[in-house]
There are 2 protein chains.
Amino acid sequence: MGERPSEFEIIERYFSLGVPSAWPSQGIGDDCAFLDIGATRVAVTTDTSAIGTHYLPDADPWTVGYKALAVNLSDLAAAGSTPRAFFLALSLPQSDPDWLERFSAGLKLAASRYHCALLGGDTTKTVRIGDQCAPAVITITALGEVKKGLTRGGARPGDDIWVSGTIGDAYAALMFRTGQWAGTCPAELARRMDCPTPRVELGEFLEPLASACADISDGLLQDLGHILKRSGVGARLYPEALAVSDALAQVPHERRLQAQLAGGDDYELVFTAPEALRPDIVAYAVRSRLSLSRIGKIVSEKNLLVCKPDGTPIPCRFAGFDHFR
Amino acid sequence: MGERPSEFEIIERYFSLGVPSAWPSQGIGDDCAFLDIGATRVAVTTDTSAIGTHYLPDADPWTVGYKALAVNLSDLAAAGSTPRAFFLALSLPQSDPDWLERFSAGLKLAASRYHCALLGGDTTKTVRIGDQCAPAVITITALGEVKKGLTRGGARPGDDIWVSGTIGDAYAALMFRTGQWAGTCPAELARRMDCPTPRVELGEFLEPLASACADISDGLLQDLGHILKRSGVGARLYPEALAVSDALAQVPHERRLQAQLAGGDDYELVFTAPEALRPDIVAYAVRSRLSLSRIGKIVSEKNLLVCKPDGTPIPCRFAGFDHFR
């Protein structure tokens, strides 16, 4: 007591209530929980996002609507599941028709693109603080269907480590937009921050193949770290093998590395798979025109070593994102 | 456009996205949505509650934890379903071990009492406004299992209208605590506001019997109003037939009526059932030691008339609660 627990300690310490589930279940600590409802395995995820915390104060409500659902779909993708339905809890400072119109349009695009139906929700007013109401808070709970399901817990020594798409882009956009990096934010990076692509098809492809999977919401090192911890293994990581977007390639090397290793918010997938599956994975990448970078190996020694291409370790103190640290 | 839509207009206007559901579903506008997942019908509800909006700023975190789940269990009860699992999205101004300890204890009591397992969640930080962070916001999504399920839509002319327990108590507690009514808040009323009893067993009993059901969260007139609107019927209501708690009986008549008709937050059930079921319902009330008050009749004429015991209508302008009105 007295010491302030981290986001992950909070879950372990206060939210393991010990009430047994009548539906067989697993997955506390994964991107999704799995519930066996009759013969169907259902993946469930909940994510909150808030203006001022997850979105810049002047974020376009279209973006807020699109992304609020996309980040949940990304969790479903990381679990290898097919999106089915979602529930929306929306807290608003006021009932503003223009805001709602744009929010709803963004939400609708993500819902229809990934075939995820809005089946219920709750609308409330945010709390008044001084002379204003707190900005909008959006919580979405999304449900998907899955055969067996991917977790963070199955990585084995010898497995390859893969990352989809280009990472670091959303973080770079945030740095430019908040003035922490000088210069105008390139449109390519802004789009990656505002309109991330949940890797639903990739997740479905990986479901019977990958040994472990997570989406990169808190940063590669942190999200890969969860895989390592849950699997009881370590890794050698070669960040120079990561695909780089044209816009991020213009950024100085040290900053680029920081964005790729510690920046989250891209919603790409990091996954592990046995070496024997390399041809299948490469074939999928070609077929789907999605870059899949093979960036390291799982090892039995339980640490995470970031290495130069020649194998020499580089000192690395980038931490991922923790809401309470 | 321009005009500010109400809570219920928001749902109709902006959140009917038109994306079809692969799982057969129904229930937008009811306490729960029903999804048919394989051979199992699942009831789902989402509710947000926030310190400063749904709880007084100095609310005991134990109460917040207990009640945040209880109000969701109440929605499951209104749908006639058996609670199974819930997901918790918690936004906190800081990571405070004492607050978390008490919140978690209250949450655990509700979870274990109603056999509802916590299977996942998300923890985030609330937005900073000026020199402070916004107070805690809690969104819970709860899932239950149900045979067919109760909705608001099945009331038929000639049906009796019933209400469980005593209503108006939580509203009276709020009036005392906020100084809008003079005097100290009686402990009996305070307990009803802080620690409502979701009528899960009653809901399970009613599931094969009642024609329509809702929980009273926004006030009897408003919640019964939803049943009437969805069923395409009207009602004659005799509020003098409502059970009254000992503490509320001490309150002047006009205030008591206001609390019972317009005050929400008691989480009792209002339901309709054919006259032929009176003996079964009364027998259940005796068996379970829960008062069930028969307070009116469903009629075909589509209005809601509040009447004296002799049948003369009384003018009535109590409105229920709408977050944006």
# chains A, B, ... in the order shown; residues from 1 in each chain; ligands from 1

call {"tool": "residues_around", "arguments": {"residues": "Pro83 in chain A", "least_positions_apart": "5", "cutoff": "9 Å", "atoms": "only C-alpha atoms", "output": "MDAnalysis selection string"}}
result
chainID A and resid 43 73 76:77 114:117 142:145 200

call {"tool": "select_by_dssp", "arguments": {"residues": "range 41-216 of chain A", "states": "alpha helix (DSSP H)", "output": "ChimeraX atom specification"}}
result
/A:61-78,97-113,169-177,187-194,200-206

call {"tool": "interface_residues", "arguments": {"of": "chain A", "to": "chain B", "cutoff": "6 Å", "atoms": "only C-alpha atoms", "output": "list of chain:residue names"}}
result
A:Met1, A:Arg4, A:Tyr14, A:Leu17, A:Val19, A:Pro20, A:Ser21, A:Ile28, A:Thr46, A:Asp47, A:Gly52, A:Thr53, A:Ser95, A:Pro97, A:Ser104, A:Lys108, A:Ser112, A:Ala117, A:Gly120, A:Gly121, A:Asp122, A:Thr124, A:Lys125, A:Val127, A:His323

call {"tool": "write_last_selection", "arguments": {"atoms": "N, CA and C atoms", "output": "compact mmCIF listing (two decimals), in the first residue's frame"}}
result
# COMPACT_ATOMS: atom_id res chain seq x y z
N MET A 1 0.84 -1.19 0.00
CA MET A 1 0.00 0.00 0.00
C MET A 1 0.89 1.25 0.00
N ARG A 4 2.30 3.51 -5.70
CA ARG A 4 1.28 3.54 -6.75
C ARG A 4 1.48 2.41 -7.75
N TYR A 14 -5.95 -6.05 -8.11
CA TYR A 14 -7.30 -5.67 -7.69
C TYR A 14 -8.42 -6.33 -8.49
N LEU A 17 -10.81 -11.29 -9.12
CA LEU A 17 -11.84 -11.35 -8.07
C LEU A 17 -12.07 -12.76 -7.56
N VAL A 19 -14.10 -14.97 -8.75
CA VAL A 19 -15.46 -15.48 -8.99
C VAL A 19 -15.39 -16.38 -10.22
N PRO A 20 -15.71 -17.67 -10.06
CA PRO A 20 -15.54 -18.59 -11.20
C PRO A 20 -16.55 -18.30 -12.30
N SER A 21 -16.19 -18.62 -13.54
CA SER A 21 -17.05 -18.38 -14.69
C SER A 21 -17.79 -19.65 -15.08
N ILE A 28 -7.27 -13.60 -19.40
CA ILE A 28 -6.97 -12.38 -18.65
C ILE A 28 -5.49 -12.04 -18.91
N THR A 46 -12.42 -4.99 -24.53
CA THR A 46 -12.96 -3.67 -24.15
C THR A 46 -11.84 -2.65 -24.21
N ASP A 47 -12.10 -1.51 -24.84
CA ASP A 47 -11.12 -0.43 -24.87
C ASP A 47 -11.78 0.91 -24.71
N GLY A 52 -8.35 14.12 -25.39
CA GLY A 52 -7.43 14.72 -24.43
C GLY A 52 -6.44 13.71 -23.89
N THR A 53 -6.77 12.42 -23.94
CA THR A 53 -5.83 11.39 -23.51
C THR A 53 -5.37 10.58 -24.73
N SER A 95 -24.89 17.35 -26.17
CA SER A 95 -25.51 16.69 -27.31
C SER A 95 -25.37 17.61 -28.52
N PRO A 97 -25.24 17.96 -32.48
CA PRO A 97 -25.58 17.21 -33.69
C PRO A 97 -24.43 17.12 -34.69
N SER A 104 -20.44 9.47 -35.86
CA SER A 104 -21.23 8.34 -36.33
C SER A 104 -20.76 7.88 -37.72
N LYS A 108 -19.26 4.29 -38.49
CA LYS A 108 -19.97 3.45 -39.48
C LYS A 108 -18.99 2.88 -40.51
N SER A 112 -18.76 -1.07 -41.03
CA SER A 112 -19.16 -1.74 -42.27
C SER A 112 -17.97 -2.37 -42.96
N ALA A 117 -21.39 -5.38 -36.24
CA ALA A 117 -22.68 -4.70 -36.04
C ALA A 117 -22.76 -4.05 -34.66
N GLY A 120 -25.89 -2.33 -29.30
CA GLY A 120 -26.40 -1.72 -28.07
C GLY A 120 -25.42 -0.72 -27.52
N GLY A 121 -25.85 -0.02 -26.46
CA GLY A 121 -24.95 0.97 -25.91
C GLY A 121 -25.57 1.77 -24.79
N ASP A 122 -24.87 2.81 -24.42
CA ASP A 122 -25.31 3.69 -23.34
C ASP A 122 -24.76 5.08 -23.62
N THR A 124 -24.26 8.90 -21.96
CA THR A 124 -24.31 9.67 -20.72
C THR A 124 -23.61 11.01 -20.92
N LYS A 125 -23.75 11.88 -19.92
CA LYS A 125 -23.12 13.19 -19.97
C LYS A 125 -21.84 13.12 -19.13
N VAL A 127 -18.82 14.58 -16.66
CA VAL A 127 -18.88 15.35 -15.43
C VAL A 127 -18.52 16.82 -15.68
N HIS A 323 -0.25 3.88 -18.64
CA HIS A 323 -1.05 5.05 -18.26
C HIS A 323 -0.65 5.65 -16.92

call {"tool": "select_by_dssp", "arguments": {"residues": "range 40-115 of chain A", "states": "strand (DSSP E or B)", "output": "ChimeraX atom specification"}}
result
/A:40-51,55,82-92

call {"tool": "closest_residue", "arguments": {"among": "B:Gly168, B:Gly158, B:Gly183, B:Gly203", "to": "Ile216 in chain B", "atoms": "only C-alpha atoms"}}
result
B:Gly168

call {"tool": "atom_distance", "arguments": {"atom1": "CA of Glu9 in chain B", "atom2": "CA of Trp99 in chain A"}}
result
14.4 Å

call {"tool": "atom_distance", "arguments": {"atom1": "CA of Gly153 in chain A", "atom2": "CA of Leu220 in chain A"}}
result
16.3 Å

call {"tool": "closest_residue", "arguments": {"among": "B:Val244, B:Val282, B:Ala276, B:Leu269", "to": "Pro198 in chain B", "atoms": "only C-alpha atoms"}}
result
B:Leu269

call {"tool": "atom_distance", "arguments": {"atom1": "CA of Thr197 in chain B", "atom2": "CA of Leu277 in chain B"}}
result
24.3 Å

call {"tool": "closest_residue", "arguments": {"among": "A:Asn72, A:Gln260, A:Thr82, A:Thr63", "to": "Glu240 in chain A", "atoms": "only C-alpha atoms"}}
result
A:Gln260

call {"tool": "residues_around", "arguments": {"residues": "Ser288 in chain A", "least_positions_apart": "3", "cutoff": "12 Å", "atoms": "only C-alpha atoms", "output": "list of chain:residue names"}}
result
A:Ser164, A:Gly165, A:Arg199, A:Glu201, A:Leu202, A:Phe205, A:Ile281, A:Val282, A:Ala283, A:Tyr284, A:Ala285, A:Ser291, A:Leu292

call {"tool": "closest_residue", "arguments": {"among": "A:Leu248, A:Ala241, A:Ala78, A:Ala273", "to": "Ala187 in chain A", "atoms": "only C-alpha atoms"}}
result
A:Leu248

call {"tool": "residues_around", "arguments": {"residues": "Ile227 in chain B", "least_positions_apart": "3", "cutoff": "7 Å", "atoms": "only C-alpha atoms", "output": "number ranges by chain"}}
result
B: 152-153, 212, 223-224, 230-231

call {"tool": "write_last_selection", "arguments": {"atoms": "all heavy atoms", "output": "compact mmCIF listing (two decimals), in the first residue's frame"}}
result
# COMPACT_ATOMS: atom_id res chain seq x y z
N ARG B 152 -39.19 -4.93 -23.67
CA ARG B 152 -40.18 -3.91 -23.31
C ARG B 152 -41.40 -3.98 -24.25
O ARG B 152 -42.36 -3.24 -24.05
CB ARG B 152 -39.55 -2.52 -23.43
CG ARG B 152 -38.43 -2.30 -22.42
CD ARG B 152 -37.72 -0.98 -22.71
NE ARG B 152 -36.70 -0.72 -21.69
CZ ARG B 152 -35.71 0.17 -21.83
NH1 ARG B 152 -35.61 0.88 -22.93
NH2 ARG B 152 -34.83 0.35 -20.86
N GLY B 153 -41.34 -4.86 -25.22
CA GLY B 153 -42.29 -4.76 -26.33
C GLY B 153 -43.53 -5.62 -26.30
O GLY B 153 -44.28 -5.63 -27.28
N ALA B 212 -43.88 -8.03 -20.63
CA ALA B 212 -42.87 -6.99 -20.86
C ALA B 212 -42.21 -6.67 -19.52
O ALA B 212 -42.80 -6.87 -18.46
CB ALA B 212 -43.50 -5.73 -21.44
N ASP B 223 -39.67 4.83 -17.42
CA ASP B 223 -39.36 3.45 -17.78
C ASP B 223 -40.61 2.68 -18.20
O ASP B 223 -40.59 1.90 -19.15
CB ASP B 223 -38.59 2.76 -16.64
CG ASP B 223 -37.18 3.33 -16.49
OD1 ASP B 223 -36.45 3.35 -17.49
OD2 ASP B 223 -36.82 3.78 -15.39
N LEU B 224 -41.74 2.94 -17.50
CA LEU B 224 -43.01 2.37 -17.95
C LEU B 224 -43.37 2.96 -19.32
O LEU B 224 -43.87 2.25 -20.21
CB LEU B 224 -44.12 2.66 -16.93
CG LEU B 224 -45.53 2.21 -17.33
CD1 LEU B 224 -45.59 0.70 -17.59
CD2 LEU B 224 -46.55 2.60 -16.26
N ARG B 230 -42.94 0.99 -26.81
CA ARG B 230 -42.47 -0.17 -27.59
C ARG B 230 -43.60 -1.18 -27.81
O ARG B 230 -43.56 -1.92 -28.78
CB ARG B 230 -41.32 -0.86 -26.86
CG ARG B 230 -40.12 0.05 -26.60
CD ARG B 230 -39.06 -0.10 -27.62
NE ARG B 230 -38.49 -1.44 -27.59
CZ ARG B 230 -37.71 -1.90 -28.53
NH1 ARG B 230 -37.42 -1.17 -29.58
NH2 ARG B 230 -37.21 -3.11 -28.44
N SER B 231 -44.59 -1.21 -26.90
CA SER B 231 -45.67 -2.19 -27.03
C SER B 231 -46.86 -1.61 -27.81
O SER B 231 -47.79 -2.35 -28.15
CB SER B 231 -46.15 -2.64 -25.64
OG SER B 231 -45.09 -3.21 -24.90

call {"tool": "closest_residue", "arguments": {"among": "B:Cys316, B:Val299, B:Ala155, B:Val286", "to": "Ala210 in chain B", "atoms": "only C-alpha atoms"}}
result
B:Ala155

call {"tool": "closest_residue", "arguments": {"among": "B:Glu207, B:Asp218, B:Asp36, B:Asp310", "to": "Pro239 in chain B", "atoms": "only C-alpha atoms"}}
result
B:Asp310
